[in-house]
Structures are given as structure tokens and as C-alpha cells.
$ cat protein_30.pdb   # PDB, C-alpha atoms
ATOM      1  CA  MET H   1     142.053 129.009 175.358
ATOM      2  CA  SER H   2     145.665 129.019 174.188
ATOM      3  CA  ASP H   3     147.957 126.036 174.475
ATOM      4  CA  ASP H   4     150.143 127.860 177.018
ATOM      5  CA  ILE H   5     147.253 128.465 179.424
ATOM      6  CA  GLY H   6     146.023 124.918 179.054
ATOM      7  CA  ARG H   7     149.500 123.556 179.772
ATOM      8  CA  ARG H   8     149.784 125.688 182.886
ATOM      9  CA  LEU H   9     146.402 124.546 184.172
ATOM     10  CA  GLU H  10     147.373 120.898 183.657
ATOM     11  CA  GLU H  11     150.635 121.454 185.584
ATOM     12  CA  ALA H  12     148.731 123.218 188.379
ATOM     13  CA  GLY H  13     146.325 120.326 188.585
ATOM     14  CA  ARG H  14     149.170 117.867 189.075
ATOM     15  CA  ARG H  15     150.666 119.819 192.002
ATOM     16  CA  PRO H  16     149.660 118.795 195.556
ATOM     17  CA  VAL H  17     147.045 121.002 197.207
ATOM     18  CA  PRO H  18     148.028 122.474 200.602
ATOM     19  CA  GLY H  19     145.688 121.672 203.483
ATOM     20  CA  PRO H  20     143.411 124.338 205.070
ATOM     21  CA  ASP H  21     144.433 126.341 208.119
ATOM     22  CA  PRO H  22     143.373 124.404 211.246
ATOM     23  CA  ALA H  23     141.988 127.537 212.922
ATOM     24  CA  PHE H  24     139.907 128.366 209.826
ATOM     25  CA  ALA H  25     138.613 124.803 209.643
ATOM     26  CA  ASP H  26     137.524 124.826 213.312
ATOM     27  CA  ALA H  27     135.764 128.170 212.977
ATOM     28  CA  LEU H  28     133.970 127.038 209.780
ATOM     29  CA  GLU H  29     132.794 123.839 211.429
ATOM     30  CA  ALA H  30     131.396 125.709 214.470
ATOM     31  CA  ARG H  31     129.580 128.158 212.242
ATOM     32  CA  LEU H  32     128.018 125.392 210.124
ATOM     33  CA  LEU H  33     126.820 123.542 213.212
ATOM     34  CA  ALA H  34     125.203 126.695 214.590
ATOM     35  CA  VAL H  35     123.439 127.334 211.277
ATOM     36  CA  ALA H  36     122.219 123.727 211.171
ATOM     37  CA  ARG H  37     120.615 124.021 214.633
ATOM     38  CA  THR H  38     118.640 127.143 213.803
ATOM     39  CA  ALA H  39     117.886 126.849 210.065
ATOM     40  CA  ALA H  40     114.955 124.794 208.662
ATOM     41  CA  PRO H  41     115.761 121.602 206.725
ATOM     42  CA  PRO H  42     116.264 122.231 203.057
ATOM     43  CA  PRO H  43     113.309 121.316 200.845
ATOM     44  CA  GLU H  44     113.484 117.983 199.063
ATOM     45  CA  PRO H  45     114.035 118.161 195.321
ATOM     46  CA  PRO H  46     110.858 117.560 193.284
ATOM     47  CA  ARG H  47     110.420 114.006 192.005
ATOM     48  CA  GLN H  48     110.222 113.251 188.350
ATOM     49  CA  PRO H  49     107.768 110.374 187.994
ATOM     50  CA  ARG H  50     107.516 110.794 184.262
ATOM     51  CA  ARG H  51     111.194 110.103 183.717
ATOM     52  CA  VAL H  52     111.099 107.079 186.034
ATOM     53  CA  GLY H  53     107.953 105.738 184.286
ATOM     54  CA  LEU H  54     109.555 106.297 180.896
ATOM     55  CA  ARG H  55     112.643 104.371 181.941
ATOM     56  CA  ARG H  56     110.536 101.514 183.221
ATOM     57  CA  LEU H  57     108.498 101.516 180.035
ATOM     58  CA  LEU H  58     111.597 101.443 177.887
ATOM     59  CA  GLY H  59     113.020  98.626 179.999
ATOM     60  CA  GLY H  60     109.802  96.596 179.632
ATOM     61  CA  VAL H  61     109.748  97.137 175.875
ATOM     62  CA  ALA H  62     113.359  96.014 175.617
ATOM     63  CA  LEU H  63     112.670  92.868 177.638
ATOM     64  CA  ALA H  64     109.617  92.058 175.512
ATOM     65  CA  ALA H  65     111.662  92.498 172.334
ATOM     66  CA  VAL H  66     114.383  90.188 173.643
ATOM     67  CA  ALA H  67     111.774  87.564 174.609
ATOM     68  CA  ALA H  68     110.174  87.765 171.161
ATOM     69  CA  VAL H  69     113.553  87.323 169.448
ATOM     70  CA  LEU H  70     114.349  84.307 171.626
ATOM     71  CA  ALA H  71     110.926  82.760 170.931
ATOM     72  CA  LEU H  72     111.384  83.223 167.181
ATOM     73  CA  ALA H  73     114.819  81.644 167.379
ATOM     74  CA  VAL H  74     113.450  78.625 169.249
ATOM     75  CA  LEU H  75     110.588  78.214 166.790
ATOM     76  CA  ALA H  76     112.942  78.567 163.850
ATOM     77  CA  GLY H  77     115.167  75.817 165.208
ATOM     78  CA  ARG H  78     112.292  73.422 165.908
ATOM     79  CA  PRO H  79     111.440  71.125 162.966
ATOM     80  CA  VAL H  80     107.953  71.628 161.512
ATOM     81  CA  ALA H  81     105.979  68.530 160.533
ATOM     82  CA  ALA H  82     105.477  68.237 156.779
ATOM     83  CA  PRO H  83     101.919  67.992 155.382
ATOM     84  CA  GLU H  84     100.627  64.414 155.431
ATOM     85  CA  LEU H  85      98.841  62.706 152.547
ATOM     86  CA  VAL H  86      95.814  60.780 153.846
ATOM     87  CA  GLU H  87      93.657  58.128 152.101
ATOM     88  CA  PRO H  88      94.901  58.650 148.534
ATOM     89  CA  VAL H  89      92.984  56.894 145.744
ATOM     90  CA  ASN H  90      94.254  57.114 142.143
ATOM     91  CA  VAL H  91      96.889  59.649 143.240
ATOM     92  CA  GLU H  92     100.438  60.188 141.984
ATOM     93  CA  VAL H  93     103.122  62.039 143.953
ATOM     94  CA  ALA H  94     106.113  63.279 141.937
ATOM     95  CA  LEU H  95     109.199  64.138 144.010
ATOM     96  CA  VAL H  96     111.865  66.655 143.018
ATOM     97  CA  ASP H  97     114.337  63.875 142.126
ATOM     98  CA  GLY H  98     111.913  62.415 139.576
ATOM     99  CA  THR H  99     110.614  59.536 141.705
ATOM    100  CA  VAL H 100     106.886  58.851 141.286
ATOM    101  CA  LEU H 101     104.894  57.250 144.105
ATOM    102  CA  GLU H 102     101.397  55.873 143.612
ATOM    103  CA  ASP H 103      98.869  56.155 146.467
ATOM    104  CA  PRO H 104     101.497  56.602 149.246
ATOM    105  CA  ASP H 105      99.167  56.730 152.245
ATOM    106  CA  GLY H 106     100.723  58.532 155.243
ATOM    107  CA  LEU H 107     103.545  60.158 153.225
ATOM    108  CA  GLN H 108     104.907  63.382 154.687
ATOM    109  CA  LEU H 109     105.039  65.523 151.551
ATOM    110  CA  PRO H 110     108.494  67.117 151.125
ATOM    111  CA  GLU H 111     109.222  70.513 149.623
ATOM    112  CA  GLY H 112     108.494  70.602 145.892
ATOM    113  CA  ALA H 113     106.317  67.472 145.835
ATOM    114  CA  VAL H 114     103.479  67.554 143.269
ATOM    115  CA  VAL H 115     100.267  65.627 144.043
ATOM    116  CA  SER H 116      98.016  64.789 141.071
ATOM    117  CA  VAL H 117      94.535  63.267 141.482
ATOM    118  CA  GLY H 118      93.294  61.100 138.607
ATOM    119  CA  THR H 119      89.869  60.040 137.429
ATOM    120  CA  GLY H 120      87.642  58.884 140.264
ATOM    121  CA  GLY H 121      90.380  59.620 142.789
ATOM    122  CA  SER H 122      90.541  61.623 145.981
ATOM    123  CA  ALA H 123      92.902  62.466 148.818
ATOM    124  CA  ARG H 124      93.223  64.733 151.825
ATOM    125  CA  VAL H 125      96.126  66.940 152.943
ATOM    126  CA  GLY H 126      95.434  68.494 156.317
ATOM    127  CA  ASP H 127      92.028  70.179 156.032
ATOM    128  CA  THR H 128      92.163  70.318 152.217
ATOM    129  CA  GLU H 129      90.145  67.771 150.227
ATOM    130  CA  LEU H 130      91.588  66.947 146.807
ATOM    131  CA  LEU H 131      89.212  65.842 144.029
ATOM    132  CA  PRO H 132      89.706  64.541 140.467
ATOM    133  CA  GLY H 133      91.637  67.054 138.360
ATOM    134  CA  ASP H 134      93.321  68.764 141.352
ATOM    135  CA  VAL H 135      97.102  69.276 141.302
ATOM    136  CA  ALA H 136      98.666  70.332 144.617
ATOM    137  CA  THR H 137     102.247  71.557 145.055
ATOM    138  CA  ILE H 138     104.167  71.973 148.322
ATOM    139  CA  GLU H 139     105.773  75.421 148.302
ATOM    140  CA  GLN H 140     107.588  76.623 151.438
ATOM    141  CA  GLY H 141     105.682  74.104 153.543
ATOM    142  CA  ARG H 142     102.290  75.242 152.229
ATOM    143  CA  LEU H 143      99.848  73.587 149.851
ATOM    144  CA  ARG H 144      99.006  75.338 146.566
ATOM    145  CA  VAL H 145      96.110  73.693 144.708
ATOM    146  CA  GLU H 146      95.192  74.060 141.026
ATOM    147  CA  HIS H 147      91.762  72.776 140.027
ATOM    148  CA  ASN H 148      90.353  71.304 136.784
ATOM    149  CA  GLN H 149      93.637  69.968 135.442
ATOM    150  CA  PRO H 150      93.842  67.040 132.970
ATOM    151  CA  VAL H 151      93.258  63.821 134.865
ATOM    152  CA  GLY H 152      94.583  60.310 134.321
ATOM    153  CA  VAL H 153      94.298  56.870 135.836
ATOM    154  CA  VAL H 154      97.005  55.323 138.003
ATOM    155  CA  ALA H 155      97.583  51.766 136.833
ATOM    156  CA  GLY H 156      96.039  49.270 139.199
ATOM    157  CA  SER H 157      94.658  51.845 141.625
ATOM    158  CA  ALA H 158      91.461  53.142 140.040
ATOM    159  CA  ARG H 159      88.388  51.963 141.816
ATOM    160  CA  PRO H 160      85.185  51.566 139.759
ATOM    161  CA  ALA H 161      82.166  53.261 141.139
ATOM    162  CA  THR H 162      80.388  50.641 143.155
ATOM    163  CA  PRO H 163      76.749  51.291 144.051
ATOM    164  CA  ARG H 164      76.119  51.404 147.733
ATOM    165  CA  PRO H 165      74.738  48.009 148.782
ATOM    166  CA  THR H 166      71.079  48.059 149.726
ATOM    167  CA  PRO H 167      70.382  46.214 152.970
ATOM    168  CA  PRO H 168      68.145  43.185 152.380
ATOM    169  CA  ARG H 169      64.546  43.790 153.268
ATOM    170  CA  THR H 170      63.328  41.590 156.063
ATOM    171  CA  PRO H 171      60.089  39.862 154.981
ATOM    172  CA  ASN H 172      57.095  40.586 157.095
ATOM    173  CA  PRO H 173      56.005  37.628 159.189
ATOM    174  CA  THR H 174      53.139  35.730 157.506
ATOM    175  CA  ARG H 175      50.054  35.433 159.591
ATOM    176  CA  THR H 176      48.869  31.884 159.892
ATOM    177  CA  THR H 177      45.132  31.626 159.475
ATOM    178  CA  ALA H 178      43.330  28.845 161.234
ATOM    179  CA  PRO H 179      41.553  26.438 158.857
ATOM    180  CA  VAL H 180      37.965  27.335 158.353
ATOM    181  CA  SER H 181      35.601  24.571 159.356
ATOM    182  CA  ARG H 182      32.971  23.851 156.818
ATOM    183  CA  THR H 183      30.586  22.613 159.510
ATOM    184  CA  PRO H 184      27.852  25.214 159.955
ATOM    185  CA  ALA H 185      27.864  26.971 163.289
ATOM    186  CA  PRO H 186      24.970  26.278 165.620
ATOM    187  CA  PRO H 187      22.252  28.918 165.690
ATOM    188  CA  THR H 188      22.448  31.637 168.261
ATOM    189  CA  GLY H 189      20.199  31.127 171.284
ATOM    190  CA  SER H 190      19.622  28.316 173.737
ATOM    191  CA  PRO H 191      21.765  25.327 172.929
ATOM    192  CA  VAL H 192      19.804  22.333 171.793
ATOM    193  CA  PRO H 193      21.320  19.088 173.049
ATOM    194  CA  THR H 194      22.011  16.660 170.293
ATOM    195  CA  ALA H 195      21.525  12.964 170.531
ATOM    196  CA  SER H 196      25.196  12.246 171.046
ATOM    197  CA  ALA H 197      25.446  14.877 173.748
ATOM    198  CA  ALA H 198      22.428  13.531 175.541
ATOM    199  CA  ASN H 199      23.648   9.946 175.484
ATOM    200  CA  HIS H 200      27.243  10.779 176.472
ATOM    201  CA  PRO H 201      27.464  13.223 179.334
ATOM    202  CA  THR H 202      30.459  15.529 179.517
ATOM    203  CA  PRO H 203      33.070  14.138 181.939
ATOM    204  CA  ALA H 204      34.173  16.337 184.809
ATOM    205  CA  PRO H 205      37.642  17.857 184.483
ATOM    206  CA  THR H 206      40.351  15.838 186.164
ATOM    207  CA  ARG H 207      42.124  17.673 188.968
ATOM    208  CA  ARG H 208      45.876  17.649 188.970
ATOM    209  CA  PRO H 209      47.439  16.508 192.249
ATOM    210  CA  SER H 210      49.077  19.225 194.275
ATOM    211  CA  PRO H 211      52.898  19.127 194.071
ATOM    212  CA  THR H 212      54.510  17.594 197.099
ATOM    213  CA  PRO H 213      56.890  20.076 198.746
ATOM    214  CA  GLY H 214      60.503  18.954 198.502
ATOM    215  CA  PRO H 215      62.735  18.466 201.486
ATOM    216  CA  THR H 216      63.887  21.645 203.166
ATOM    217  CA  ARG H 217      67.574  22.394 202.684
ATOM    218  CA  PRO H 218      69.610  22.895 205.829
ATOM    219  CA  PRO H 219      71.156  26.326 206.263
ATOM    220  CA  ALA H 220      74.383  26.740 204.339
ATOM    221  CA  THR H 221      77.507  26.457 206.428
ATOM    222  CA  PRO H 222      79.597  29.634 206.079
ATOM    223  CA  ALA H 223      82.854  29.046 204.225
ATOM    224  CA  PRO H 224      86.005  29.469 206.260
ATOM    225  CA  PRO H 225      87.797  32.792 205.680
ATOM    226  CA  THR H 226      90.408  32.547 202.967
ATOM    227  CA  ALA H 227      93.742  34.251 202.935
ATOM    228  CA  ALA H 228      94.144  37.413 200.888
ATOM    229  CA  PRO H 229      95.242  36.696 197.294
ATOM    230  CA  PRO H 230      98.883  37.462 196.569
ATOM    231  CA  ALA H 231      99.649  40.791 194.972
ATOM    232  CA  PRO H 232      99.831  40.496 191.189
ATOM    233  CA  THR H 233     103.303  40.638 189.732
ATOM    234  CA  PRO H 234     103.656  43.731 187.518
ATOM    235  CA  THR H 235     103.857  42.807 183.866
ATOM    236  CA  PRO H 236     106.965  44.231 182.223
ATOM    237  CA  ALA H 237     106.415  46.628 179.343
ATOM    238  CA  PRO H 238     106.500  44.871 175.972
ATOM    239  CA  ALA H 239     109.694  45.265 174.028
ATOM    240  CA  ILE H 240     109.661  47.500 170.982
ATOM    241  CA  VAL H 241     109.102  45.337 167.916
ATOM    242  CA  ALA H 242     110.944  46.293 164.750
ATOM    243  CA  PRO H 243     108.749  46.884 161.685
ATOM    244  CA  ARG H 244     108.242  43.955 159.322
ATOM    245  CA  LEU H 245     108.743  45.056 155.727
ATOM    246  CA  ARG H 246     107.122  43.449 152.694
ATOM    247  CA  ALA H 247     107.993  44.421 149.120
ATOM    248  CA  VAL H 248     107.116  42.731 145.812
ATOM    249  CA  ALA H 249     107.641  43.584 142.164
ATOM    250  CA  VAL H 250     104.590  44.721 140.194
ATOM    251  CA  GLY H 251     105.051  44.420 136.458
ATOM    252  CA  ILE H 252     108.436  45.420 135.060
ATOM    253  CA  SER H 253     108.873  48.900 136.558
ATOM    254  CA  ARG H 254     107.042  49.088 139.896
ATOM    255  CA  VAL H 255     107.542  47.890 143.461
ATOM    256  CA  ALA H 256     104.729  47.575 146.015
ATOM    257  CA  VAL H 257     105.720  48.220 149.646
ATOM    258  CA  THR H 258     104.077  47.985 153.062
ATOM    259  CA  TRP H 259     105.190  47.361 156.660
ATOM    260  CA  THR H 260     103.840  46.857 160.162
ATOM    261  CA  ARG H 261     103.536  49.377 162.982
ATOM    262  CA  THR H 262     106.161  49.856 165.710
ATOM    263  CA  ARG H 263     105.071  50.847 169.209
ATOM    264  CA  THR H 264     105.742  54.525 170.133
ATOM    265  CA  ALA H 265     107.145  55.254 166.640
ATOM    266  CA  LYS H 266     106.338  58.733 165.281
ATOM    267  CA  THR H 267     108.033  58.554 161.871
ATOM    268  CA  TYR H 268     109.026  55.824 159.433
ATOM    269  CA  VAL H 269     111.863  56.336 156.948
ATOM    270  CA  LEU H 270     111.944  54.163 153.816
ATOM    271  CA  VAL H 271     115.517  53.776 152.498
ATOM    272  CA  VAL H 272     116.288  52.240 149.082
ATOM    273  CA  THR H 273     119.247  51.227 146.958
ATOM    274  CA  VAL H 274     119.127  50.188 143.284
ATOM    275  CA  SER H 275     121.343  48.074 141.082
ATOM    276  CA  ARG H 276     121.578  47.895 137.289
ATOM    277  CA  GLY H 277     123.366  44.595 137.347
ATOM    278  CA  GLY H 278     124.009  42.236 140.211
ATOM    279  CA  ARG H 279     123.037  42.494 143.869
ATOM    280  CA  ALA H 280     121.716  45.779 145.281
ATOM    281  CA  ALA H 281     123.824  47.300 148.054
ATOM    282  CA  ARG H 282     122.664  47.063 151.643
ATOM    283  CA  PRO H 283     120.598  50.193 152.501
ATOM    284  CA  ALA H 284     122.165  52.315 155.257
ATOM    285  CA  TYR H 285     120.512  54.962 157.403
ATOM    286  CA  PRO H 286     121.760  57.593 157.364
ATOM    287  CA  GLY H 287     123.704  57.358 154.137
ATOM    288  CA  SER H 288     121.483  55.774 151.509
ATOM    289  CA  ARG H 289     118.714  57.406 149.531
ATOM    290  CA  VAL H 290     115.545  58.167 151.509
ATOM    291  CA  LEU H 291     112.550  57.417 149.316
ATOM    292  CA  GLY H 292     110.072  58.988 151.744
ATOM    293  CA  ARG H 293     109.132  59.742 155.334
ATOM    294  CA  PHE H 294     105.794  58.457 156.585
ATOM    295  CA  ALA H 295     103.762  59.421 159.643
ATOM    296  CA  ARG H 296     102.405  55.856 159.883
ATOM    297  CA  PRO H 297     102.497  52.601 157.954
ATOM    298  CA  PRO H 298     100.376  52.741 154.778
ATOM    299  CA  ALA H 299      96.908  51.267 155.129
ATOM    300  CA  LYS H 300      97.523  49.300 151.901
ATOM    301  CA  PRO H 301     100.660  48.650 149.829
ATOM    302  CA  PHE H 302     101.714  51.673 147.817
ATOM    303  CA  ARG H 303     103.838  51.538 144.664
ATOM    304  CA  PHE H 304     106.821  53.448 143.357
ATOM    305  CA  ARG H 305     108.427  53.382 139.927
ATOM    306  CA  VAL H 306     112.039  52.461 139.247
ATOM    307  CA  GLY H 307     114.253  53.781 136.512
ATOM    308  CA  PRO H 308     115.157  51.984 133.290
ATOM    309  CA  ALA H 309     117.682  49.125 133.357
ATOM    310  CA  VAL H 310     117.227  48.627 137.131
ATOM    311  CA  THR H 311     117.520  44.916 137.923
ATOM    312  CA  GLN H 312     117.265  44.839 141.713
ATOM    313  CA  VAL H 313     116.085  47.114 144.543
ATOM    314  CA  GLY H 314     117.118  46.909 148.205
ATOM    315  CA  LEU H 315     114.801  48.340 150.865
ATOM    316  CA  VAL H 316     114.748  48.834 154.627
ATOM    317  CA  VAL H 317     112.325  50.815 156.827
ATOM    318  CA  VAL H 318     113.554  52.558 160.009
ATOM    319  CA  ALA H 319     111.185  53.473 162.876
ATOM    320  CA  LEU H 320     112.027  56.751 164.639
ATOM    321  CA  GLY H 321     110.817  58.119 167.983
ATOM    322  CA  ARG H 322     109.545  61.539 168.992
ATOM    323  CA  ASN H 323     113.015  63.125 169.049
ATOM    324  CA  GLY H 324     114.280  61.355 165.932
ATOM    325  CA  GLU H 325     115.971  58.512 167.798
ATOM    326  CA  GLU H 326     115.983  55.111 166.106
ATOM    327  CA  LEU H 327     113.628  52.562 167.687
ATOM    328  CA  GLY H 328     114.183  49.705 165.281
ATOM    329  CA  ARG H 329     114.621  48.768 161.656
ATOM    330  CA  SER H 330     113.320  46.009 159.455
ATOM    331  CA  ARG H 331     115.371  43.362 157.751
ATOM    332  CA  VAL H 332     116.731  44.189 154.306
ATOM    333  CA  VAL H 333     114.399  43.131 151.492
ATOM    334  CA  ARG H 334     115.720  42.809 147.939
ATOM    335  CA  VAL H 335     113.312  42.749 145.001
ATOM    336  CA  VAL H 336     114.253  41.531 141.549
ATOM    337  CA  ILE H 337     112.824  43.738 138.795
ATOM    338  CA  GLY H 338     111.642  42.372 135.462
ATOM    339  CA  GLY H 339     111.147  38.745 136.460
TER
END
$ encode --input "protein_30.pdb" --output "C-alpha cells"
Amino acid sequence: MSDDIGRRLEEAGRRPVPGPDPAFADALEARLLAVARTAAPPPEPPRQPRRVGLRRLLGGVALAAVAAVLALAVLAGRPVAAPELVEPVNVEVALVDGTVLEDPDGLQLPEGAVVSVGTGGSARVGDTELLPGDVATIEQGRLRVEHNQPVGVVAGSARPATPRPTPPRTPNPTRTTAPVSRTPAPPTGSPVPTASAANHPTPAPTRRPSPTPGPTRPPATPAPPTAAPPAPTPTPAPAIVAPRLRAVAVGISRVAVTWTRTRTAKTYVLVVTVSRGGRAARPAYPGSRVLGRFARPPAKPFRFRVGPAVTQVGLVVVALGRNGEELGRSRVVRVVIGG
């Protein structure tokens, strides 16, 4: 189509269209009504169930894909609990910053932590049992274990093999034998009365007097009805107690730490500050260095090593709730290193 014809068609389309002749319109309407009265209704167009089913299927697939994407986004945003170290014995945990913890029971192992089990030691991480010579590394939240590695002994934590105590044996009761009379027994048969028996007849048994019945008690008088006891006053819920922290120096390069449990706490954060001369700064959370996160207080004091030339360490433990809210914190404890 040439440009001239196209231009003319566009101009014709912009012009107003004249209305139909009224006489023609009336005649056409009468004819259509007459045809509608006599003609059969037009057949309905065939349905296309396959196309409708395909559209519904595609819509369902799209909704399922959107739901899966949303679920993955929610799961990706939700924090995942780190693996927990349980019942460590002769175990060292090396963190990525170089800090070494000894037997940190309840520690939530961070990314890159290396767990080494020494001679006679053991530990458990989830469903994995660690034995002497095992070295476990946390990689992308998973535990990778290497077996039969060189083992060592953590100072002050190795437990000698103690034989299982044998329960004391209860001595059998000794049977007491009646003394054997050396007097010969009388011969079997009819008893022959001896001279003493003949001269001294056997006295008749003395009858005990019948007990005299005591006085009959009168029927008990029913107690008067008492008023109903007052309704007990509901006891208010106990206040949340902040953890009590205890830390002492062990030798010239270690600090032993433990603390008490806080009601409803789900995580404990141990915060430390160090000083190489003078007083250690007050630990702040958040802000100061987090030595470790624990799922529960350690069953026994665990130890961590300090760097060279450190003269004092400041510590505080913070108890957190289910959603990470702070429930309470201990007092600041400062430990002097090297005496």
C-alpha cells in the first residue's frame, strides 16, 4: 500500500459517518424480527475444555512457584542455630581469630571453628560422636570430620581412666546353730520316769487371766461445719534473675569461666575485653568482642587462652531470649593475668 492511499484512508477514517436512512433502518429491523421468529436458534460454539484446563494448570504452577520462592526467602532470612558442642573432654576449639577454648561445653560452634579431640577425650556435635584423634571443622554450617589425626592432651582437662567401681558384695547372713548338748538323748520308746521326775510332779500350766474389756467410748460428736477456705492468692511469676558470672585466672595464660542459668534464656553471649597495661575496659554488648555464644551455661568451668603481654581481662555474660532480646546481664568481672 502506497503512502498516498494510506493517508487517504486515515483522512476518511477521521470524517464523521452519516447516519442510515430511517426508512431503511425500519425495514431492516422488521425483517430481522420476522427471521428471528421463524428461524431456529443458532448452535452454541463448541467448548474448548483443553484450553481452559491448560490455563488453570499454568495458573496453579505459577502460584506454586511463587509460594516456593516466598518460602525460600523466609527460610533464608530466618537464623539457623549453629551446631552445639556437648560434653567435651580433653577438647580444644580453635576459632578463626586465633582464640583457643578448652572444653567449652554448650558452645555454638561458629563458621570456621576447628574442634580437636585429644588423648582419652570425647565430645558430641549433634548426632556425631567425636573420639580421640578426630578433628572436626565447621564449613557452611556443616560438620566435616577427619579421623586418626595426631592427638594431644589439654592441660588440666585429661581424665585418667578410672575403673568402674564394683558394688560391695553383701555378705550372706550367717546361720546361728544352736549349741549341741552333750547329754545323751533318751532312748526311743516308752519314757521311763526318772527319780527326780517321780518325786517332783510336773506343775499344771498357769492360765492367764482374760483381759478386762475397757470402757466403751461414746459416739463421736460430729464437728460443726466449717466455712470454705479462702481462695489462694495467685503467686506472681518470679522475676528473671541475671546470670552470675565467675572467672578466675589459671596459670599465666588461661582464664576459667562459668555462670548460672537465667530463666527462659535461649542463648548466652560471653563478651570480653583485654588490657596490656592497666585496667581492662568495661565490656559492652553489642560493641565489644564476643568470645562465644552458648546454648546453655557450661556444666563445668571451661578455659580460654589469652595473648602474650595481656595483664587484665574484663568479662560479662548476656542472657538472650528466643527472639534475641536481652533478658539480663551479669556484673563485670575483671581477672588479673600473671599473678
$ residues_near_point --input "protein_30.pdb" --point "(110.2, 51.7, 173.4)" --cutoff "7 Å" --atoms "only C-alpha atoms" --output "list in words"
Ala239, Ile240, Arg263, Thr264 and Leu327 of chain H
$ closest_atom_pairs --input "protein_30.pdb" --of "region 84-145 of chain H" --to "region 303-326 of chain H" --cutoff "6 Å" --atoms "all atoms listed in the file" --output "Markdown table"
| residue | atom | partner | partner_atom | distance |
| --- | --- | --- | --- | --- |
| H:Val100 | CA | H:Phe304 | CA | 5.8 |
| H:Leu101 | CA | H:Phe304 | CA | 4.3 |
| H:Glu102 | CA | H:Arg303 | CA | 5.1 |
$ residues_around --input "protein_30.pdb" --residues "Ala295 (chain H)" --least-positions-apart "5" --cutoff "7 Å" --atoms "all atoms listed in the file" --output "PyMOL selection string"
chain H and resi 106-108+266-268
$ closest_residue --input "protein_30.pdb" --among "H:Glu139, H:Glu129, H:Asp134, H:Glu111" --to "Glu92 (chain H)" --atoms "all atoms listed in the file"
H:Asp134
$ closest_residue --input "protein_30.pdb" --among "H:Ser330, H:Ala27, H:Ala36, H:Lys300" --to "Val89 (chain H)" --atoms "all atoms listed in the file"
H:Lys300
$ residues_near_point --input "protein_30.pdb" --point "(98.0, 56.7, 155.4)" --cutoff "6 Å" --atoms "only C-alpha atoms" --output "list in words"
Val86, Glu87, Asp105, Gly106, Pro298 and Ala299 of chain H
$ atom_distance --input "protein_30.pdb" --atom1 "CA of Thr128 (chain H)" --atom2 "CA of His147 (chain H)"
12.4 Å
$ atom_distance --input "protein_30.pdb" --atom1 "CA of Arg289 (chain H)" --atom2 "CA of Ser275 (chain H)"
12.9 Å
$ closest_residue --input "protein_30.pdb" --among "H:Ala136, H:Ala65, H:Ala249, H:Ala12" --to "Val91 (chain H)" --atoms "only C-alpha atoms"
H:Ala136
$ atom_distance --input "protein_30.pdb" --atom1 "CA of Thr119 (chain H)" --atom2 "CA of Ala247 (chain H)"
26.6 Å
$ residues_around --input "protein_30.pdb" --residues "Glu146 (chain H)" --least-positions-apart "2" --cutoff "12 Å" --atoms "all atoms listed in the file" --output "PDB file with C-alpha atoms, in the coordinates of the input"
ATOM      1  CA  VAL H 114     103.479  67.554 143.269  1.00  0.00           C
ATOM      2  CA  VAL H 115     100.267  65.627 144.043  1.00  0.00           C
ATOM      3  CA  SER H 116      98.016  64.789 141.071  1.00  0.00           C
ATOM      4  CA  VAL H 117      94.535  63.267 141.482  1.00  0.00           C
ATOM      5  CA  LEU H 130      91.588  66.947 146.807  1.00  0.00           C
ATOM      6  CA  LEU H 131      89.212  65.842 144.029  1.00  0.00           C
ATOM      7  CA  PRO H 132      89.706  64.541 140.467  1.00  0.00           C
ATOM      8  CA  GLY H 133      91.637  67.054 138.360  1.00  0.00           C
ATOM      9  CA  ASP H 134      93.321  68.764 141.352  1.00  0.00           C
ATOM     10  CA  VAL H 135      97.102  69.276 141.302  1.00  0.00           C
ATOM     11  CA  ALA H 136      98.666  70.332 144.617  1.00  0.00           C
ATOM     12  CA  THR H 137     102.247  71.557 145.055  1.00  0.00           C
ATOM     13  CA  ILE H 138     104.167  71.973 148.322  1.00  0.00           C
ATOM     14  CA  LEU H 143      99.848  73.587 149.851  1.00  0.00           C
ATOM     15  CA  ARG H 144      99.006  75.338 146.566  1.00  0.00           C
ATOM     16  CA  ASN H 148      90.353  71.304 136.784  1.00  0.00           C
ATOM     17  CA  GLN H 149      93.637  69.968 135.442  1.00  0.00           C
ATOM     18  CA  PRO H 150      93.842  67.040 132.970  1.00  0.00           C
TER      19      PRO H 150
END
$ resolve_selection --input "protein_30.pdb" --expression "the PyMOL selection byres ((chain H and resi 248) around 9)" --output "list in words"
Arg246, Ala247, Ala249, Val250, Arg254, Val255, Ala256, Val257, Arg334, Val335 and Val336 of chain H
$ write_last_selection --input "protein_30.pdb" --atoms "C-alpha atoms" --output "PDB file, keeping the file's coordinate frame"
ATOM      1  CA  ARG H 246     107.122  43.449 152.694  1.00  0.00           C
ATOM      2  CA  ALA H 247     107.993  44.421 149.120  1.00  0.00           C
ATOM      3  CA  ALA H 249     107.641  43.584 142.164  1.00  0.00           C
ATOM      4  CA  VAL H 250     104.590  44.721 140.194  1.00  0.00           C
ATOM      5  CA  ARG H 254     107.042  49.088 139.896  1.00  0.00           C
ATOM      6  CA  VAL H 255     107.542  47.890 143.461  1.00  0.00           C
ATOM      7  CA  ALA H 256     104.729  47.575 146.015  1.00  0.00           C
ATOM      8  CA  VAL H 257     105.720  48.220 149.646  1.00  0.00           C
ATOM      9  CA  ARG H 334     115.720  42.809 147.939  1.00  0.00           C
ATOM     10  CA  VAL H 335     113.312  42.749 145.001  1.00  0.00           C
ATOM     11  CA  VAL H 336     114.253  41.531 141.549  1.00  0.00           C
TER      12      VAL H 336
END
